[in-house]
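What follows is protein-v9.cif (mmCIF, C-alpha atoms (C1' of nucleotides) and all ligand atoms).
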```cif
data_target
loop_
_atom_site.label_atom_id
_atom_site.label_comp_id
_atom_site.auth_asym_id
_atom_site.auth_seq_id
_atom_site.Cartn_x
_atom_site.Cartn_y
_atom_site.Cartn_z
CA MET A 1243 92.11 27.55 118.10
CA PRO A 1244 92.59 24.94 115.41
CA LYS A 1245 94.68 25.74 112.35
CA GLY A 1246 95.49 29.27 113.39
CA ASN A 1247 93.36 32.13 112.11
CA CYS A 1248 91.37 29.92 109.83
CA ARG A 1249 88.93 31.73 107.61
CA GLY A 1250 85.45 30.52 107.07
CA ASN A 1251 83.64 30.49 110.37
CA GLY A 1252 81.02 32.92 109.12
CA TRP A 1253 77.66 31.38 108.29
CA TRP A 1254 78.05 32.76 104.76
CA HIS A 1255 80.93 30.40 104.06
CA GLY A 1256 78.43 27.66 103.35
CA LYS A 1257 76.09 29.90 101.42
CA LEU A 1258 78.72 30.93 98.93
CA ARG A 1259 80.29 27.53 98.53
CA GLY A 1260 76.90 25.92 98.31
CA CYS A 1261 76.10 28.05 95.30
CA GLY A 1262 79.33 27.17 93.54
CA TYR A 1263 81.28 30.30 94.41
CA ARG A 1264 84.81 30.25 95.73
CA LEU A 1265 85.48 31.77 99.08
CA THR A 1266 88.13 34.40 98.55
CA MET A 1267 89.81 36.85 100.84
CA GLY A 1268 88.18 39.75 99.07
CA ARG A 1269 84.68 38.34 99.43
CA GLU A 1270 85.21 37.66 103.08
CA ALA A 1271 86.53 41.14 103.69
CA ILE A 1272 83.55 42.67 101.97
CA LEU A 1273 81.05 40.48 103.78
CA ASP A 1274 82.74 41.33 107.02
CA VAL A 1275 82.43 45.06 106.41
CA LEU A 1276 78.83 44.77 105.25
CA SER A 1277 77.76 42.63 108.16
CA LYS A 1278 79.17 45.07 110.68
CA ALA A 1279 78.36 48.38 109.05
CA GLU A 1280 75.24 50.21 110.05
CA GLY A 1281 73.97 52.46 107.28
CA HIS A 1282 73.66 52.11 103.54
CA LEU A 1283 77.06 51.90 101.91
CA SER A 1284 78.06 52.72 98.37
CA ALA A 1285 80.61 50.61 96.55
CA GLU A 1286 83.20 53.23 97.27
CA ASP A 1287 82.26 53.42 100.96
CA ILE A 1288 82.90 49.71 101.14
CA TYR A 1289 86.14 50.06 99.25
CA MET A 1290 87.37 52.61 101.75
CA LYS A 1291 86.45 50.42 104.70
CA VAL A 1292 88.08 47.36 103.22
CA HIS A 1293 91.18 49.12 101.95
CA PRO A 1294 93.15 49.63 105.19
CA GLY A 1295 93.09 45.91 105.92
CA TYR A 1296 93.33 44.68 102.34
CA PRO A 1297 95.02 47.36 100.25
CA HIS A 1298 95.29 45.14 97.21
CA ILE A 1299 91.53 44.70 96.75
CA GLY A 1300 90.32 46.97 93.99
CA LEU A 1301 87.06 48.78 93.48
CA THR A 1302 86.34 46.52 90.53
CA SER A 1303 86.19 43.51 92.80
CA ILE A 1304 83.93 45.33 95.19
CA TYR A 1305 81.47 45.81 92.37
CA ARG A 1306 81.82 42.25 91.24
CA THR A 1307 81.34 40.86 94.69
CA LEU A 1308 78.35 43.04 95.36
CA ASP A 1309 76.76 41.70 92.20
CA VAL A 1310 77.30 38.15 93.34
CA LEU A 1311 76.00 38.85 96.82
CA SER A 1312 72.90 40.63 95.68
CA GLY A 1313 72.30 37.88 93.17
CA LEU A 1314 72.32 35.46 96.10
CA GLY A 1315 70.05 37.69 98.13
CA MET A 1316 72.72 38.24 100.77
CA VAL A 1317 72.69 41.99 100.28
CA TYR A 1318 70.08 44.41 99.01
CA LYS A 1319 70.98 46.93 96.35
CA LEU A 1320 69.11 50.17 96.91
CA ASP A 1321 68.54 53.41 95.06
CA PHE A 1322 67.86 56.53 97.06
CA GLY A 1323 68.16 58.84 94.11
CA ASP A 1324 71.62 60.22 94.76
CA GLY A 1325 73.22 58.74 91.68
CA ARG A 1326 75.02 55.82 93.24
CA ALA A 1327 73.80 52.42 94.33
CA ARG A 1328 73.71 51.67 98.03
CA TYR A 1329 74.02 48.27 99.62
CA GLU A 1330 72.84 46.82 102.88
CA PHE A 1331 73.34 43.45 104.42
CA ALA A 1332 70.31 41.18 104.28
CA GLU A 1333 70.45 39.93 107.85
CA GLY A 1334 71.43 36.35 108.30
CA PRO A 1335 69.63 33.41 109.92
CA LYS A 1336 69.80 35.03 113.36
CA GLY A 1337 68.25 38.46 113.74
CA ALA A 1338 65.76 39.02 110.95
CA HIS A 1339 64.77 42.64 111.37
CA HIS A 1340 63.17 43.50 108.11
CA HIS A 1341 62.68 47.20 107.59
CA HIS A 1342 61.63 49.81 105.06
CA HIS A 1343 62.93 53.27 104.22
CA LEU A 1344 62.04 56.89 104.67
CA VAL A 1345 64.09 59.14 102.38
CA CYS A 1346 64.57 62.91 102.58
CA THR A 1347 64.65 64.35 99.08
CA GLY A 1348 66.28 67.46 100.47
CA CYS A 1349 69.42 66.13 102.13
CA ASN A 1350 69.31 62.43 101.22
CA LYS A 1351 69.03 61.34 104.80
CA VAL A 1352 67.61 57.82 105.05
CA VAL A 1353 65.74 56.45 108.04
CA ASP A 1354 65.23 52.73 108.54
CA TYR A 1355 61.86 52.15 110.11
CA THR A 1356 60.29 49.03 111.51
CA ASP A 1357 57.10 50.60 112.84
CA PHE A 1358 54.04 49.27 111.01
CA ILE A 1359 56.24 46.67 109.41
CA ASP A 1360 54.06 43.85 110.66
CA GLU A 1361 50.88 45.11 109.07
CA GLU A 1362 52.76 46.07 105.95
CA VAL A 1363 54.41 42.73 105.64
CA GLU A 1364 51.18 40.85 106.10
CA LEU A 1365 49.44 42.87 103.42
CA LEU A 1366 52.45 42.50 101.17
CA ARG A 1367 52.40 38.76 101.59
CA GLU A 1368 48.81 38.62 100.40
CA THR A 1369 49.45 41.07 97.60
CA GLU A 1370 52.41 39.01 96.57
CA LYS A 1371 50.33 35.89 96.43
CA GLY A 1372 47.67 37.60 94.35
CA LEU A 1373 50.14 39.13 91.95
CA SER A 1374 52.00 35.87 91.58
CA LYS A 1375 48.85 34.13 90.50
CA LYS A 1376 47.53 36.88 88.26
CA TYR A 1377 50.74 37.83 86.48
CA GLY A 1378 52.67 34.61 86.75
CA PHE A 1379 55.59 36.18 88.56
CA LYS A 1380 57.78 34.35 91.03
CA ILE A 1381 58.28 37.19 93.49
CA ALA A 1382 61.48 37.23 95.50
CA ASN A 1383 61.54 40.64 97.00
CA HIS A 1384 59.94 43.99 97.54
CA ILE A 1385 60.76 47.60 98.22
CA ILE A 1386 58.75 50.19 100.07
CA GLN A 1387 60.09 53.69 100.32
CA PHE A 1388 58.51 56.92 101.47
CA TYR A 1389 59.89 60.16 100.12
CA GLY A 1390 59.59 63.55 101.71
CA LEU A 1391 61.39 66.25 103.62
CA CYS A 1392 62.98 65.79 107.00
CA GLU A 1393 62.26 68.37 109.65
CA ALA A 1394 65.42 70.35 108.92
CA CYS A 1395 64.85 70.42 105.17
CA ALA A 1396 61.16 71.29 105.55
CA LYS A 1397 62.14 74.27 107.68
CA LYS A 1398 64.61 75.55 105.11
CA LYS A 1399 61.47 75.98 103.02
CA MET B 1202 39.21 79.13 67.88
CA PRO B 1203 40.65 82.30 69.36
CA LYS B 1204 44.16 83.41 68.45
CA GLY B 1205 44.93 80.56 66.07
CA ASN B 1206 46.69 77.49 67.31
CA CYS B 1207 47.29 78.97 70.69
CA ARG B 1208 49.36 76.83 73.00
CA GLY B 1209 48.44 76.38 76.57
CA ASN B 1210 45.13 74.64 76.72
CA GLY B 1211 46.61 71.81 78.71
CA TRP B 1212 45.83 71.85 82.43
CA TRP B 1213 49.56 71.92 83.12
CA HIS B 1214 49.88 75.43 81.68
CA GLY B 1215 48.64 76.83 84.96
CA LYS B 1216 50.68 74.47 87.06
CA LEU B 1217 53.97 75.50 85.50
CA ARG B 1218 53.26 79.20 85.39
CA GLY B 1219 51.86 79.12 88.89
CA CYS B 1220 55.20 77.84 90.14
CA GLY B 1221 57.15 80.53 88.37
CA TYR B 1222 58.27 78.52 85.37
CA ARG B 1223 58.03 79.73 81.83
CA LEU B 1224 55.95 77.75 79.42
CA THR B 1225 58.23 76.87 76.55
CA MET B 1226 57.76 74.90 73.40
CA GLY B 1227 60.12 72.21 74.62
CA ARG B 1228 58.32 71.76 77.91
CA GLU B 1229 55.00 71.47 76.17
CA ALA B 1230 56.33 68.97 73.70
CA ILE B 1231 57.72 66.83 76.50
CA LEU B 1232 54.57 67.03 78.57
CA ASP B 1233 52.58 66.13 75.53
CA VAL B 1234 54.65 63.02 74.90
CA LEU B 1235 54.60 61.99 78.55
CA SER B 1236 50.87 62.45 78.93
CA LYS B 1237 50.13 60.29 75.92
CA ALA B 1238 52.78 57.61 76.26
CA GLU B 1239 51.93 54.40 77.97
CA GLY B 1240 54.95 52.73 79.52
CA HIS B 1241 57.96 53.99 81.42
CA LEU B 1242 60.16 56.19 79.25
CA SER B 1243 63.83 56.95 79.60
CA ALA B 1244 65.13 60.43 78.80
CA GLU B 1245 66.30 59.15 75.48
CA ASP B 1246 62.97 57.48 74.70
CA ILE B 1247 61.34 60.84 75.22
CA TYR B 1248 63.96 62.54 73.11
CA MET B 1249 63.23 60.21 70.24
CA LYS B 1250 59.51 60.76 70.48
CA VAL B 1251 59.86 64.52 70.66
CA HIS B 1252 62.51 64.79 67.96
CA PRO B 1253 60.46 64.29 64.79
CA GLY B 1254 58.17 67.18 65.71
CA TYR B 1255 60.79 69.40 67.34
CA PRO B 1256 64.19 68.50 65.90
CA HIS B 1257 65.92 71.39 67.61
CA ILE B 1258 65.17 70.21 71.15
CA GLY B 1259 68.24 68.57 72.64
CA LEU B 1260 68.62 65.74 75.09
CA THR B 1261 69.98 68.20 77.61
CA SER B 1262 66.68 70.01 77.73
CA ILE B 1263 64.83 66.77 78.14
CA TYR B 1264 66.84 66.08 81.27
CA ARG B 1265 66.36 69.61 82.52
CA THR B 1266 62.64 69.54 81.94
CA LEU B 1267 62.25 66.16 83.57
CA ASP B 1268 63.97 67.52 86.64
CA VAL B 1269 61.59 70.41 86.80
CA LEU B 1270 58.55 68.23 86.27
CA SER B 1271 59.51 65.69 88.85
CA GLY B 1272 60.31 68.49 91.24
CA LEU B 1273 56.74 69.68 90.76
CA GLY B 1274 55.37 66.19 91.18
CA MET B 1275 54.04 66.14 87.64
CA VAL B 1276 56.10 63.09 86.71
CA TYR B 1277 57.56 60.28 88.73
CA LYS B 1278 61.18 59.32 88.28
CA LEU B 1279 61.63 55.60 88.67
CA ASP B 1280 64.50 53.16 88.94
CA PHE B 1281 63.97 49.62 87.76
CA GLY B 1282 67.60 48.68 88.02
CA ASP B 1283 68.55 48.83 84.36
CA GLY B 1284 70.95 51.72 84.69
CA ARG B 1285 68.79 54.50 83.37
CA ALA B 1286 66.06 56.52 85.01
CA ARG B 1287 62.51 56.02 83.79
CA TYR B 1288 59.75 58.57 83.91
CA GLU B 1289 56.00 58.30 84.02
CA PHE B 1290 53.33 60.92 84.00
CA ALA B 1291 51.68 61.53 87.34
CA GLU B 1292 48.10 61.57 86.12
CA GLY B 1293 46.36 64.91 86.13
CA PRO B 1294 43.22 66.08 87.93
CA LYS B 1295 41.01 63.79 85.85
CA GLY B 1296 41.79 60.08 85.96
CA ALA B 1297 43.73 59.31 89.10
CA HIS B 1298 44.75 55.71 88.62
CA HIS B 1299 47.51 55.25 91.10
CA HIS B 1300 49.48 52.07 90.62
CA HIS B 1301 52.51 50.15 91.78
CA HIS B 1302 55.10 48.06 89.99
CA LEU B 1303 56.09 44.46 89.48
CA VAL B 1304 59.58 44.15 88.00
CA CYS B 1305 61.20 41.13 86.38
CA THR B 1306 64.86 40.98 87.34
CA GLY B 1307 65.48 38.65 84.43
CA CYS B 1308 64.29 40.68 81.44
CA ASN B 1309 63.41 44.02 83.03
CA LYS B 1310 59.78 43.74 82.09
CA VAL B 1311 57.64 46.01 84.25
CA VAL B 1312 53.97 45.46 85.03
CA ASP B 1313 51.77 48.24 86.38
CA TYR B 1314 49.28 46.76 88.76
CA THR B 1315 46.30 48.27 90.47
CA ASP B 1316 45.01 45.15 92.16
CA PHE B 1317 45.19 45.46 95.94
CA ILE B 1318 45.99 49.10 95.51
CA ASP B 1319 43.10 50.18 97.70
CA GLU B 1320 44.16 48.17 100.70
CA GLU B 1321 47.75 49.10 100.13
CA VAL B 1322 47.00 52.77 99.85
CA GLU B 1323 44.91 52.78 102.96
CA LEU B 1324 47.63 51.11 104.99
CA LEU B 1325 50.19 53.43 103.47
CA ARG B 1326 48.17 56.44 104.46
CA GLU B 1327 48.17 55.34 108.08
CA THR B 1328 51.81 54.39 107.98
CA GLU B 1329 52.57 57.73 106.48
CA LYS B 1330 50.76 59.50 109.26
CA GLY B 1331 52.60 57.52 111.91
CA LEU B 1332 55.98 58.02 110.33
CA SER B 1333 55.36 61.73 109.86
CA LYS B 1334 54.68 62.12 113.53
CA LYS B 1335 57.47 59.89 114.77
CA TYR B 1336 60.26 61.04 112.49
CA GLY B 1337 59.13 64.55 111.68
CA PHE B 1338 59.05 63.95 107.95
CA LYS B 1339 56.69 65.72 105.61
CA ILE B 1340 55.96 62.81 103.28
CA ALA B 1341 55.11 63.57 99.69
CA ASN B 1342 55.35 60.27 98.00
CA HIS B 1343 55.94 56.56 98.14
CA ILE B 1344 57.15 53.68 96.06
CA ILE B 1345 56.18 50.04 96.23
CA GLN B 1346 57.88 47.62 93.93
CA PHE B 1347 57.91 43.85 93.82
CA TYR B 1348 60.87 42.11 92.24
CA GLY B 1349 60.94 38.64 90.83
CA LEU B 1350 60.95 36.57 87.67
CA CYS B 1351 58.27 36.63 85.04
CA GLU B 1352 56.95 33.34 83.76
CA ALA B 1353 59.29 33.29 80.76
CA CYS B 1354 62.38 34.10 82.81
CA ALA B 1355 61.48 31.63 85.54
CA LYS B 1356 61.23 28.90 82.92
CA LYS B 1357 64.66 29.71 81.49
CA LYS B 1358 65.77 28.67 84.97
"C1'" DT C 26 58.21 97.12 71.65
"C1'" DT C 27 61.72 96.67 75.05
"C1'" DG C 28 64.45 94.94 78.83
"C1'" DT C 29 65.30 91.47 82.08
"C1'" DT C 30 66.28 86.98 82.93
"C1'" DA C 31 65.06 82.23 82.53
"C1'" DA C 32 65.74 78.68 79.30
"C1'" DT C 33 68.17 76.50 75.64
"C1'" DG C 34 71.59 73.78 72.48
"C1'" DA C 35 76.05 72.07 71.58
"C1'" DA C 36 80.05 70.45 73.22
"C1'" DA C 37 82.81 69.14 76.92
"C1'" DA C 38 83.08 67.27 81.42
"C1'" DT C 39 81.75 64.02 85.16
"C1'" DC C 40 81.69 59.99 87.29
"C1'" DA C 41 79.57 55.54 88.58
"C1'" DT C 42 79.87 51.22 86.66
"C1'" DT C 43 81.55 47.74 83.22
"C1'" DT C 44 84.73 45.52 80.19
"C1'" DT C 45 89.15 43.61 78.89
"C1'" DC C 46 92.90 40.72 79.57
"C1'" DA C 47 96.96 38.86 81.47
"C1'" DA C 48 98.29 37.19 86.03
"C1'" DT C 49 96.96 35.07 90.36
"C1'" DT C 50 94.41 32.21 93.44
"C1'" DT C 51 91.16 28.62 94.77
"C1'" DA C 52 89.99 24.11 95.52
"C1'" DA C 53 89.67 19.41 93.68
"C1'" DG C 54 92.29 15.26 93.03
"C1'" DG C 55 96.29 12.64 93.30
"C1'" DC D 631 102.19 18.36 99.63
"C1'" DC D 632 101.97 18.92 94.30
"C1'" DT D 633 99.46 19.57 90.00
"C1'" DT D 634 95.99 21.42 87.29
"C1'" DA D 635 91.76 23.60 85.38
"C1'" DA D 636 88.86 27.05 86.09
"C1'" DA D 637 87.26 30.90 88.74
"C1'" DT D 638 88.70 35.24 90.40
"C1'" DT D 639 91.32 39.25 90.45
"C1'" DG D 640 93.65 44.11 89.65
"C1'" DA D 641 94.82 47.71 86.60
"C1'" DA D 642 93.72 50.31 82.98
"C1'" DA D 643 90.69 51.51 79.48
"C1'" DA D 644 86.00 51.87 77.91
"C1'" DT D 645 81.24 52.91 78.51
"C1'" DG D 646 77.28 55.51 78.91
"C1'" DA D 647 73.96 58.15 81.49
"C1'" DT D 648 73.65 62.53 83.36
"C1'" DT D 649 75.54 67.22 84.34
"C1'" DT D 650 78.04 71.42 83.54
"C1'" DT D 651 79.54 75.33 80.87
"C1'" DC D 652 78.73 79.23 78.26
"C1'" DA D 653 77.29 81.97 74.61
"C1'" DT D 654 72.71 82.64 72.40
"C1'" DT D 655 67.73 82.82 72.26
"C1'" DA D 656 63.07 83.12 73.74
"C1'" DA D 657 59.39 84.19 77.34
"C1'" DC D 658 56.88 87.55 79.31
"C1'" DA D 659 56.13 91.65 82.44
"C1'" DA D 660 55.76 96.33 81.79
MN MN E 1 68.07 50.18 105.50
MN MN E 2 53.99 52.56 86.01
ZN ZN E 3 66.58 66.44 104.82
ZN ZN E 4 61.38 38.32 82.67
#
```

Rewrite the structure from the file as structure tokens, please.
Amino acid sequence: MPKGNCRGNGWWHGKLRGCGYRLTMGREAILDVLSKAEGHLSAEDIYMKVHPGYPHIGLTSIYRTLDVLSGLGMVYKLDFGDGRARYEFAEGPKGAHHHHHLVCTGCNKVVDYTDFIDEEVELLRETEKGLSKKYGFKIANHIIQFYGLCEACAKKK
Amino acid sequence: MPKGNCRGNGWWHGKLRGCGYRLTMGREAILDVLSKAEGHLSAEDIYMKVHPGYPHIGLTSIYRTLDVLSGLGMVYKLDFGDGRARYEFAEGPKGAHHHHHLVCTGCNKVVDYTDFIDEEVELLRETEKGLSKKYGFKIANHIIQFYGLCEACAKKK
DNA sequence: TTGTTAATGAAAATCATTTTCAATTTAAGG
DNA sequence: CCTTAAATTGAAAATGATTTTCATTAACAA
């Protein structure tokens, strides 16, 4: 173990530095939480997960870091209609398991689904190409979300 | 012309009343603006369009009405990432021209597109059916948005 | 016309996110 | 390791969209 608990073994070290950003303790802590967390975290969720280990990192920095990371495409910023932004890690070079979302407008439950993704993605790729040409956009990204009621909420009438 | 300038010739009269809502001047004014407006209006945009004709209608009521209308599926509430919700009329029984969105993350320009819509919609319908069965959701709605840079913003580097 | 109750406006409250600014930290170079 | 310039940060204050409160008004069933 060279140089003790040296930071910077994560693959994102290079990504950040490569884009001219400094690698700080706060950014690492946030990336660490995001990369491990399952669901869709709000800025405050992340703050609360980071806080125990790094009590001096403020919510402001969480927001700032999330901006940087989503600017770099390392995290996705999502809106499920509950008044706060949600973030999810854009999986690294290893396991690329692209997915879309199914949102319950009753209880705000969100399901990640990967079924049908292949067909969807193929169509999207073509659509993207067509739109790029027709409207002159350089497309970087897309969102597909289905809205409805989960079983429980549908029952409640 | 029976009964003078009687309100309530719009097709939405029935829709609102049928769902137990009262038909008020404010609601009509808002529906009127939404049905005629092109783009994607924020609550305040709508307020400003309604104001000249109905100066007593407050922003609060705009928000309240928009909630009702989107609850009924008569308008869509959209998020293009600029910090305020945007609303667009969900076209009535007549011209159903479903569309999706292309959003510039540089200048927030939004393009409605209908190209490819048919293929997309068909795939979505199947996906919807599959998801409904697998996850027990009663799906009411979907969103597809592409994000990228418009020509102008891409040039600005 | 009348009574019930939903709907409304104005003002205050909320609350997620942003801005400000002085202090700290990073990382490049000696 | 030491120095230095610039990026980054935390704390507190500001912002701004949306919501809540509450007394008043308007819609509409009877
Ligand atoms: Mn997800
Ligand atoms: Mn549109
Ligand atoms: Zn639900
Ligand atoms: Zn643009």

TODO: Go through the chains and note each residue within 10 Å of ligand ZN 4 (chain E), using only C-alpha atoms (C1' of nucleotides) and all ligand atoms, then give the set as a list in words.
DONE: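 The neighbouring residues of ligand ZN 4 (chain E) are, in order, Phe1379 and Lys1380 of chain A; Val1304, Cys1305, Thr1306, Gly1307, Cys1308, Asn1309, Lys1310, Val1311, Gly1349, Leu1350, Cys1351, Glu1352, Ala1353, Cys1354, Ala1355, Lys1356 and Lys1357 of chain B.
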
Open item on the list: Could you tell me how far CA of Lys1319 (chain A) sits from CA of Lys1278 (chain A), in Å to one decimal place?
Closed with: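 Atom-to-atom, CA of Lys1278 (chain A) and CA of Lys1319 (chain A) are spaced 16.6 Å apart.
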
Would you mind listing the residues within 12 Å of ligand MN 1 (chain E), counting only C-alpha atoms (C1' of nucleotides) and all ligand atoms, as a PDB file with C-alpha atoms, in the frame of the given file?
```pdb
ATOM      1  CA  ALA A1279      78.360  48.380 109.050  1.00  0.00           C
ATOM      2  CA  GLU A1280      75.240  50.210 110.050  1.00  0.00           C
ATOM      3  CA  GLY A1281      73.970  52.460 107.280  1.00  0.00           C
ATOM      4  CA  HIS A1282      73.660  52.110 103.540  1.00  0.00           C
ATOM      5  CA  LEU A1283      77.060  51.900 101.910  1.00  0.00           C
ATOM      6  CA  VAL A1317      72.690  41.990 100.280  1.00  0.00           C
ATOM      7  CA  TYR A1318      70.080  44.410  99.010  1.00  0.00           C
ATOM      8  CA  LYS A1319      70.980  46.930  96.350  1.00  0.00           C
ATOM      9  CA  LEU A1320      69.110  50.170  96.910  1.00  0.00           C
ATOM     10  CA  ASP A1321      68.540  53.410  95.060  1.00  0.00           C
ATOM     11  CA  PHE A1322      67.860  56.530  97.060  1.00  0.00           C
ATOM     12  CA  ARG A1328      73.710  51.670  98.030  1.00  0.00           C
ATOM     13  CA  TYR A1329      74.020  48.270  99.620  1.00  0.00           C
ATOM     14  CA  GLU A1330      72.840  46.820 102.880  1.00  0.00           C
ATOM     15  CA  PHE A1331      73.340  43.450 104.420  1.00  0.00           C
ATOM     16  CA  ALA A1332      70.310  41.180 104.280  1.00  0.00           C
ATOM     17  CA  GLU A1333      70.450  39.930 107.850  1.00  0.00           C
ATOM     18  CA  HIS A1339      64.770  42.640 111.370  1.00  0.00           C
ATOM     19  CA  HIS A1340      63.170  43.500 108.110  1.00  0.00           C
ATOM     20  CA  HIS A1341      62.680  47.200 107.590  1.00  0.00           C
ATOM     21  CA  HIS A1342      61.630  49.810 105.060  1.00  0.00           C
ATOM     22  CA  HIS A1343      62.930  53.270 104.220  1.00  0.00           C
ATOM     23  CA  LEU A1344      62.040  56.890 104.670  1.00  0.00           C
ATOM     24  CA  VAL A1345      64.090  59.140 102.380  1.00  0.00           C
ATOM     25  CA  LYS A1351      69.030  61.340 104.800  1.00  0.00           C
ATOM     26  CA  VAL A1352      67.610  57.820 105.050  1.00  0.00           C
ATOM     27  CA  VAL A1353      65.740  56.450 108.040  1.00  0.00           C
ATOM     28  CA  ASP A1354      65.230  52.730 108.540  1.00  0.00           C
ATOM     29  CA  TYR A1355      61.860  52.150 110.110  1.00  0.00           C
ATOM     30  CA  THR A1356      60.290  49.030 111.510  1.00  0.00           C
ATOM     31  CA  ILE A1385      60.760  47.600  98.220  1.00  0.00           C
ATOM     32  CA  ILE A1386      58.750  50.190 100.070  1.00  0.00           C
ATOM     33  CA  GLN A1387      60.090  53.690 100.320  1.00  0.00           C
TER      34      GLN A1387
END
```

Open item on the list: With all atoms listed in the file as the counted atoms, please give the residues lying no more than 12 Å from Gly1219 (chain B), apart from itself and same-chain residues fewer than 6 positions off, as number ranges by chain.
Closed with: B: 1212-1213, 1273

- [ ] Tell me the residues of chain A close to chain D, meaning within 9 Å using only C-alpha atoms (C1' of nucleotides), as an MDAnalysis selection string.
- [x] chainID A and resid 1263:1264 1266 1298:1303

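Rounded to one decimal, CA of Ala1244 (chain B) and C1' of DA35 (chain C) lie 17.5 Å from each other.
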
TODO: May I ask for the distance between CA of Asp1324 (chain A) and atom MN of ligand MN 2 (chain E), given in Å to one decimal place?
DONE: 21.1 Å

Open item on the list: Considering all atoms listed in the file, can you say which of C:DC46, C:DG54, C:DG34, C:DC40 comes closest to chain A?
Closed with: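 Nearest candidate to chain A out of C:DC46, C:DG54, C:DG34, C:DC40: C:DC40.
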
Open item on the list: Using only C-alpha atoms (C1' of nucleotides), I'd like every residue of chain C that has an atom within 12 Å of chain A; please write them out as a PyMOL selection string.
Closed with: chain C and resi 39-44+50-52

Task: Closest of A:Leu1273, A:Lys1375, A:Pro1297, A:Glu1362 to chain B - atom-to-atom distances counting all atoms listed in the file - done: A:Glu1362
